[in-house]
Amino acid sequence: MKAFALQGSFGLDALRPIDLPDPEPGPGQIVLQMRAASLNFRDLLVAKGLYNPKFALPLVPLSDGVGEVVAVGDGVTRVKVGDRVSPIFHQRWIDGELSADKARGALGGELPGVAAERVLLDAEGVVAVPQHLTDEEAASLPCAAVTAWNALFVAGHIKAGDTVLVQGTGGVSIFALQFARLAGARVIVTSSSDEKLERARSLGASETINYRANPDWDAPARSFTGGAGVDHVIEVGGAGTLARSLRAVRFGGRVSLIGVLTGGALGDVGLFPILMKQITAQGIFVGSRAMFEDMNRAIAASGLRPVVDRVVPFAEVRQAIESMASGSHFGKIAIRF
C-alpha cells in the first residue's frame with residue numbers, strides 16, 4: 001500500500017511517499033481502507049519537528065480521517081466489515097478524564113497516523129460517523145470538531161445566550177462557531193480578512209473584528225457586551241493573543257487554551273487578570289471517544305455540515321501540509337484517497 005512518512009529526519013522535505021505491506025488485524029483490531037483525511041496545524045508542527053522532536057522515525061503523520069472497515073480480527077464486535085468510521089485522536093481515551101497514559105496514544109505522533117491507504121487500529125479506537133456527511137466532511141471531525149465540542153460543552157458548559165469569542169477561521173474556530181450557534185449562543189469572530197469575516201457572518205457570527213485593522217481587538221469585544229466581557233474565548237493563538245483574551249473575557253469567564261499559532265511560551269503574559277477576574281483558563285487537548293459520540297449525535301440531529309475549504313489528492317499531502325503555514329484556509333483542508 002502507499003503511504004507518506006517522515007523518513008530519517010524531520011522537515012517537510014523528509015515527508016516522502018513509501019510502500020508499506022498491507023496490515024493484517026490481530027485480535028481486537030481492525031483495518032480501515034482510508035477514504036479521506038483532513039489536516040490540522042499540529043500536522044505541520046509534527047512534520048517540522050516542532051511538536052515533539054523525540055517522536056520515533058519513520059513516522060506516518062496525520063490524525064484525522066475516515067475509512068471503510070475492510071478486515072476485523074478475532075473478538076471484534078463494535079464494528080463490522082463495510083462500516084464507515086473515523087479513528088479517535090487519542091486511541092486510549094475512551095471516557096472519563098484524560099490521564100498520562102491516555103495522552104500517550106495520539107495518532108500521527110506516538111502512534112502511526114492515517115496518511116496511508118490502509119490503517120491498522122484497535123476496534124475500540126473508532127466511531128461511526130453521521131450518515132449525511134461526505135467522506136471529506138466526516139474526515140474533519142476527530143481533532144478540530146471534538147476539540148471545539150469539549151471546549152464549549154464539556155469543559156465550558158455553554159448555554160443559550162452566552163457570548164463566545166472565536167479567534168480566526170481555521171478548523172477548530174469554525175466548528176466552535178457552528179456549535180455555539182446550535183446552542184443558541186452569540187458568537188464574535190476575529191480575523192485579519194474581511195472576506196473571511198463575511199463568510200463567518202453567513203455561518204451565524206453576530207459580530208466580527210478585523211484584528212489587523214483593530215489590533216486592540218479586546219476593546220471592541222468588550223463593547224459588544226456592554227463592557228462586561230465575553231463568557232467564553234476559544235483561544236487558538238497562544239502567547240501572542242492570550243493577554244488580550246484575558247482582557248476580553250468577563251469576570252468569572254472562561255478561556256479555553258487550544259492552539260499555539262503565535263507561540264507556545266507565555267513570556268510576559270500577566271497572571272493578575274486570571275486571579276483578580278476569577279477567570280478559568282483551561283487547556284483543551286481534543287477529547288474522548290465518548291465526547292466524539294455525543295458530538296456526532298448532535299451533528300446528525302441538526303444536519304450540521306462541516307466547512308471544507310478545499311480537497312486535494314493524496315499525492316499532494318506534503319504540499320497541503322506546507323500550505324497550513326499560510327493560514328489562508330477557511331475551515332478544513334481535506335485529503336481524498
# chains A, B, ... in the order shown; residues from 1 in each chain; ligands from 1
$ select_by_dssp --residues "region 6-154 of chain A" --states "helix (DSSP H, G or I)" --output "ChimeraX atom specification"
/A:12-14,41-48,100-103,123-125,135-139,141-154
$ write_last_selection --atoms "C-alpha atoms" --output "short mmCIF file (atom, residue, chain, number, x, y, z; two decimals), in the first residue's frame"
data_model
loop_
_atom_site.label_atom_id
_atom_site.label_comp_id
_atom_site.auth_asym_id
_atom_site.auth_seq_id
_atom_site.Cartn_x
_atom_site.Cartn_y
_atom_site.Cartn_z
CA LEU A 12 8.75 18.81 5.04
CA ASP A 13 11.44 17.65 2.62
CA ALA A 14 11.70 14.43 4.66
CA PHE A 41 -1.95 22.80 12.38
CA ARG A 42 -0.49 20.07 14.58
CA ASP A 43 0.42 18.12 11.42
CA LEU A 44 2.64 20.99 10.27
CA LEU A 45 4.32 21.19 13.69
CA VAL A 46 4.89 17.41 13.75
CA ALA A 47 6.39 17.44 10.25
CA LYS A 48 8.79 20.23 11.17
CA ALA A 100 -0.83 10.48 31.21
CA ASP A 101 -1.37 7.02 29.74
CA LYS A 102 -4.35 8.10 27.64
CA ALA A 103 -2.44 11.13 26.34
CA ALA A 123 -11.52 -1.66 17.35
CA GLU A 124 -12.17 0.44 20.47
CA GLY A 125 -10.49 3.43 18.84
CA ASP A 135 -16.17 11.49 3.38
CA GLU A 136 -14.26 14.77 3.37
CA GLU A 137 -16.67 16.35 5.87
CA ALA A 138 -16.54 13.29 8.14
CA ALA A 139 -12.73 13.27 7.99
CA LEU A 141 -14.25 15.64 12.85
CA PRO A 142 -11.73 13.74 15.04
CA CYS A 143 -9.49 16.58 16.20
CA ALA A 144 -10.93 20.01 15.35
CA ALA A 145 -14.59 19.26 15.93
CA VAL A 146 -14.08 17.23 19.12
CA THR A 147 -11.78 19.95 20.48
CA ALA A 148 -14.42 22.62 19.90
CA TRP A 149 -17.13 20.38 21.37
CA ASN A 150 -15.07 19.70 24.51
CA ALA A 151 -14.23 23.39 24.97
CA LEU A 152 -17.83 24.54 24.70
CA PHE A 153 -19.99 21.75 26.08
CA VAL A 154 -17.84 19.54 28.31
#
$ select_by_dssp --residues "region 211-281 of chain A" --states "strand (DSSP E or B)" --output "list of chain:residue names"
A:Val230, A:Asp231, A:His232, A:Val233, A:Ile234, A:Glu235, A:Val249, A:Arg250, A:Phe251, A:Gly252, A:Gly253, A:Arg254, A:Val255, A:Ser256, A:Leu257, A:Thr280, A:Ala281
$ write_last_selection --atoms "C-alpha atoms" --output "mmCIF file, in the first residue's frame"
data_model
loop_
_atom_site.group_PDB
_atom_site.id
_atom_site.type_symbol
_atom_site.label_atom_id
_atom_site.label_comp_id
_atom_site.auth_asym_id
_atom_site.auth_seq_id
_atom_site.Cartn_x
_atom_site.Cartn_y
_atom_site.Cartn_z
ATOM 1 C CA VAL A 230 -17.486 37.726 26.771
ATOM 2 C CA ASP A 231 -18.371 34.478 28.543
ATOM 3 C CA HIS A 232 -16.011 32.192 26.616
ATOM 4 C CA VAL A 233 -12.896 32.680 24.493
ATOM 5 C CA ILE A 234 -11.738 29.980 22.076
ATOM 6 C CA GLU A 235 -8.023 30.774 22.331
ATOM 7 C CA VAL A 249 -13.393 37.812 28.915
ATOM 8 C CA ARG A 250 -15.790 38.762 31.717
ATOM 9 C CA PHE A 251 -15.296 38.294 35.437
ATOM 10 C CA GLY A 252 -15.768 34.575 36.088
ATOM 11 C CA GLY A 253 -15.488 33.778 32.364
ATOM 12 C CA ARG A 254 -13.547 31.022 30.671
ATOM 13 C CA VAL A 255 -10.615 30.935 28.246
ATOM 14 C CA SER A 256 -10.137 27.592 26.502
ATOM 15 C CA LEU A 257 -6.468 27.256 25.538
ATOM 16 C CA THR A 280 -10.972 29.862 34.331
ATOM 17 C CA ALA A 281 -8.136 29.201 31.887
#
$ residues_around --residues "Ala325 (chain A)" --least-positions-apart "2" --cutoff "10 Å" --atoms "only C-alpha atoms" --output "list in words"
Phe41, Leu44, Leu45, Leu261, Ala320, Ile321, Glu322, Ser323, Gly327, Ser328 and His329 of chain A
$ residues_around --residues "Glu316 (chain A)" --least-positions-apart "6" --cutoff "12 Å" --atoms "only C-alpha atoms" --output "list in words"
Ala3, Phe4, Leu15, Arg16, Pro17, Ala115, Glu322, Ser323, Ile333, Ala334, Ile335, Arg336 and Phe337 of chain A
$ write_last_selection --atoms "C-alpha atoms" --output "PDB file, in the first residue's frame"
ATOM      1  CA  ALA A   3       1.746   5.874   2.496  1.00  0.00           C
ATOM      2  CA  PHE A   4       3.605   9.066   3.393  1.00  0.00           C
ATOM      3  CA  LEU A  15       7.991  13.662   4.154  1.00  0.00           C
ATOM      4  CA  ARG A  16       8.011  11.270   1.210  1.00  0.00           C
ATOM      5  CA  PRO A  17       5.823   8.550  -0.314  1.00  0.00           C
ATOM      6  CA  ALA A 115      -1.551   9.150   5.831  1.00  0.00           C
ATOM      7  CA  GLU A 322       3.014  23.061   3.933  1.00  0.00           C
ATOM      8  CA  SER A 323       0.090  25.300   2.949  1.00  0.00           C
ATOM      9  CA  ILE A 333      -8.321  21.189   4.216  1.00  0.00           C
ATOM     10  CA  ALA A 334      -9.230  17.628   3.232  1.00  0.00           C
ATOM     11  CA  ILE A 335      -7.253  14.876   1.515  1.00  0.00           C
ATOM     12  CA  ARG A 336      -9.028  12.489  -0.859  1.00  0.00           C
ATOM     13  CA  PHE A 337      -7.608   8.986  -1.259  1.00  0.00           C
TER      14      PHE A 337
END
$ closest_residue --among "A:Arg78, A:Lys2, A:Arg244, A:Arg305" --to "Ile274 (chain A)" --atoms "only C-alpha atoms"
A:Arg244
